[in-house]
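This report concerns only the one structure given below.
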Amino acid sequence: MLPLSLIVIVFEMGRELPRTLLSLSPPYQDFDPGDYEIVVIDNGSRAPARQQDFAHLKANIRVLSCSTRSPSPVAAINEGLSLARGSLIGVWIDGARMASPGLLRACAQAAALHPRPVIATPNYQLGPDLQRISSAQGYDQAEEDALLASIGWPRDGYRLFDIATPEIRGGPFGAMLESNALFLPRALWDELGGYDEAFQEPGGGVANPDTLLRAVALPDTQLIRIFGEGTFHQIHGGLSTSTQERAIQMLKEASRTYLRLRGKPLVPVRARGWVYDSRTGMVTR
Amino acid sequence: MNDPNKIDPAILKAWMANYICGVLGLDRAAFSTADRFDTYGLDSVEAVIMAGVMEEEFQVIVDPHRFFDTPSIDEFTAVFTAPAV
């Protein structure tokens with residue numbers, strides 16, 4: 001068994017996936033390539049991701065096509081979970097998210113702090129505002145490319161924080177609706193039953209928030225928030241980041257679906273949990 | 001879908017107060033429906049989610065922008081349940 005698996009779901013991300021995988025590669029993460037694998041599952045792109053395109057990264061990458069067809073990424077995630085060989089598994093529901101350079105190490109170290117950890121990394125979006133807002137003011141892929149060039153990415157990956165907007169609005173320990181790089185031990189993913197395939201909407205609706213909520217509700221688990229690292233969303237026309245109106249409509253419909261499925265309203269995770277500061281290695285309990 | 005002006009404003013007001021107190025863990029007895037949503041700490045994401053839940057509960061269409069135009073329970077219920085002109 002490997003120490004770590006990453007599952008990265010992609011759909012029509014020919015521009016974004018190379019950066020995401022570079023940001024997860026061994027030199028960028030300063031992580032031993034023998035200690036982890038990256039399982040990329042393409043969920044039906046017209047031009048699917050190809051393994052040979054990432055050979056130069058010298059990473060243990062498998063690029064696969066999802067065996068079922070669905071606009072929801074949930075089945076693809078569960079397929080990835082079934083294939084993953086790591087004792088700790090991180091799920092990227094959205095392969096358009098680049099990582100900061102210490103993210104894998106921080107999550108691995110946080111996992112050692114508790115026998116049943118639920119490790120949540122914070123979400124950021126590249127650009128001057130949340131992309132559903134900035135896109136209406138002209139922010140697009142070309143501007144994003146220029147922004148990344150302006151910080152010389154990938155030379156110092158931490159400069160991503162200089163050109164990004166946090167999704168959590170109430171400060172780093174505010175209410176968290178979801179984490180787009182969520183790490184759980186293999187046993188907890190099994191106990192959880194993976195992602196719930198009842199979420200069949202395009203993009204999965206609120207399958208990701210649902211997974212976080214169910215994970216922290218498992219008995220004796222400990223939420224651990226990672227501070228000082230994050231994932232950074234590249235603009236690509238995703239459902240919740242393309243326009244304000246689309247994002248509002250998607251979330252409203254998804255909250256109705258959640259209520260029907262779970263019999264209670266969707267709520268963000270308000271518990272602060274433990275905080276692992278990747279810059280100091282300190283944990284605040 | 002139902003017509004919003006068929007909803008009893010007092011019932012809607014109580015529902016919203018209970019919903020917000022439940023979601024945010026606030027004391028219902030100390031809660032004022034005249035206060036602005038943002039003073040409770042209800043953020044825009046949670047407001048959109050509330051709109052969806054309200055649609056399920058009352059079978060009405062709720063435009064979440066209305067929470068920003070009429071940013072308290074009292075203001076919202078008065079406008080939302082008013083007969084269309």
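Here's how to read the names in the structure tokens: chain A, B, ... by the order shown, residue numbers from 1 in each chain, ligand numbers from 1 in the order shown.
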List the neighbours of Asn180 in chain A out to 7 Å using only C-alpha atoms; skip same-chain residues closer than 4 positions along the sequence, and give me the result as a list in words.
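Near Asn180 in chain A, the qualifying residues are Trp92, Ile93, Asp94 and Asn123 of chain A.
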Could you take the residues named above and write them with C-alpha atoms, as an mmCIF file, in the first residue's frame?
data_model
loop_
_atom_site.group_PDB
_atom_site.id
_atom_site.type_symbol
_atom_site.label_atom_id
_atom_site.label_comp_id
_atom_site.auth_asym_id
_atom_site.auth_seq_id
_atom_site.Cartn_x
_atom_site.Cartn_y
_atom_site.Cartn_z
ATOM 1 C CA TRP A 92 -10.059 16.562 -6.344
ATOM 2 C CA ILE A 93 -13.648 16.727 -7.549
ATOM 3 C CA ASP A 94 -12.526 19.479 -9.913
ATOM 4 C CA ASN A 123 -10.528 26.642 -1.678
#
Write out as a tab-separated table a residue-level contact list of chain A versus chain B with cut-off 6 Å: for each qualifying residue the closest pair of atoms and the distance in Å to one decimal, counting only C-alpha atoms, rows sorted by chain and residue number upward.
residue	atom	partner	partner_atom	distance
A:Lys252	CA	B:Gly52	CA	4.6
A:Ser255	CA	B:Ile49	CA	5.4
A:Arg256	CA	B:Gly52	CA	5.2
Would you list, as JSON, numbers by chain, the residues of range 1-60 of chain B that end up in helix (DSSP H, G or I) under DSSP run on this structure's backbone?
{"B": [4, 5, 6, 9, 10, 11, 12, 13, 14, 15, 16, 17, 18, 19, 20, 21, 22, 23, 24, 28, 29, 30, 37, 38, 39, 40, 44, 45, 46, 47, 48, 49, 50, 51, 52, 53, 54, 55, 56, 57, 58]}
Residues from last step as file, C-alpha atoms, as a compact mmCIF listing (two decimals), in the first residue's frame:
# COMPACT_ATOMS: atom_id res chain seq x y z
CA PRO B 4 -46.41 34.10 -2.79
CA ASN B 5 -49.23 36.44 -1.82
CA LYS B 6 -51.23 33.44 -0.64
CA PRO B 9 -46.70 36.69 6.26
CA ALA B 10 -46.66 35.72 9.94
CA ILE B 11 -46.08 32.07 9.03
CA LEU B 12 -43.32 32.95 6.60
CA LYS B 13 -41.72 35.28 9.13
CA ALA B 14 -41.72 32.59 11.80
CA TRP B 15 -40.38 30.01 9.36
CA MET B 16 -37.50 32.25 8.31
CA ALA B 17 -36.65 33.12 11.90
CA ASN B 18 -36.64 29.45 12.89
CA TYR B 19 -34.62 28.52 9.82
CA ILE B 20 -31.94 31.15 10.39
CA CYS B 21 -31.72 30.45 14.12
CA GLY B 22 -31.43 26.73 13.38
CA VAL B 23 -28.75 27.13 10.74
CA LEU B 24 -26.69 29.68 12.63
CA ARG B 28 -34.70 32.32 18.91
CA ALA B 29 -35.90 34.26 21.95
CA ALA B 30 -33.26 36.93 21.43
CA PHE B 37 -29.51 39.32 7.50
CA ASP B 38 -25.83 40.20 7.49
CA THR B 39 -25.93 41.17 11.16
CA TYR B 40 -26.74 37.55 12.02
CA SER B 44 -24.74 35.03 0.47
CA VAL B 45 -24.23 31.30 -0.01
CA GLU B 46 -26.47 30.51 2.93
CA ALA B 47 -29.05 32.99 1.64
CA VAL B 48 -29.18 31.15 -1.69
CA ILE B 49 -29.54 27.83 0.11
CA MET B 50 -32.37 29.31 2.18
CA ALA B 51 -34.10 30.34 -1.04
CA GLY B 52 -33.98 26.75 -2.26
CA VAL B 53 -35.30 25.38 1.02
CA MET B 54 -38.05 28.00 1.03
CA GLU B 55 -39.06 26.94 -2.47
CA GLU B 56 -39.39 23.35 -1.31
CA GLU B 57 -41.26 24.33 1.84
CA PHE B 58 -43.75 26.79 0.37
Using only C-alpha atoms, what table do you get, as a Markdown table, when you list each residue of range 60-125 of chain A with an atom no more than 9 Å from range 4-9 of chain A, its nearest pair of atoms, and their distance in Å rounded to one decimal, rows by chain then rising number?
| residue | atom | partner | partner_atom | distance |
| --- | --- | --- | --- | --- |
| A:Pro73 | CA | A:Ile9 | CA | 7.0 |
| A:Ala76 | CA | A:Ile9 | CA | 7.0 |
| A:Ile77 | CA | A:Ile9 | CA | 6.8 |
| A:Gly80 | CA | A:Ile7 | CA | 5.9 |
| A:Leu81 | CA | A:Ile7 | CA | 7.3 |
| A:Ala84 | CA | A:Ser5 | CA | 5.9 |
| A:Arg85 | CA | A:Ser5 | CA | 6.4 |
| A:Gly86 | CA | A:Leu4 | CA | 4.3 |
| A:Ser87 | CA | A:Leu4 | CA | 5.9 |
| A:Leu88 | CA | A:Leu4 | CA | 4.8 |
| A:Ile89 | CA | A:Ser5 | CA | 4.7 |
| A:Gly90 | CA | A:Leu6 | CA | 4.8 |
| A:Val91 | CA | A:Ile7 | CA | 4.8 |
| A:Trp92 | CA | A:Val8 | CA | 4.7 |
| A:Ile93 | CA | A:Ile9 | CA | 5.4 |
| A:Asp94 | CA | A:Ile9 | CA | 5.7 |
| A:Gly95 | CA | A:Ile9 | CA | 5.2 |
| A:Ala96 | CA | A:Ile9 | CA | 8.8 |
| A:Leu104 | CA | A:Leu4 | CA | 8.7 |
| A:Ala108 | CA | A:Leu4 | CA | 7.8 |
For the residues selected in the previous step, produce a file with C-alpha atoms as a tab-separated table (two decimals), in the first residue's frame.
chain	number	residue	atom	x	y	z
A	73	PRO	CA	-18.47	13.39	-11.43
A	76	ALA	CA	-15.92	8.81	-11.53
A	77	ILE	CA	-14.77	9.70	-8.01
A	80	GLY	CA	-11.10	6.40	-8.51
A	81	LEU	CA	-11.60	5.47	-4.86
A	84	ALA	CA	-6.64	4.01	-5.25
A	85	ARG	CA	-3.87	2.15	-3.41
A	86	GLY	CA	-2.99	4.78	-0.84
A	87	SER	CA	-3.67	4.58	2.88
A	88	LEU	CA	-4.55	8.31	2.74
A	89	ILE	CA	-6.64	9.47	-0.21
A	90	GLY	CA	-7.26	13.02	-1.40
A	91	VAL	CA	-10.10	13.71	-3.81
A	92	TRP	CA	-10.06	16.56	-6.34
A	93	ILE	CA	-13.65	16.73	-7.55
A	94	ASP	CA	-12.53	19.48	-9.91
A	95	GLY	CA	-9.32	18.89	-11.85
A	96	ALA	CA	-9.04	22.59	-12.62
A	104	LEU	CA	0.55	17.13	0.11
A	108	ALA	CA	0.14	13.78	5.21
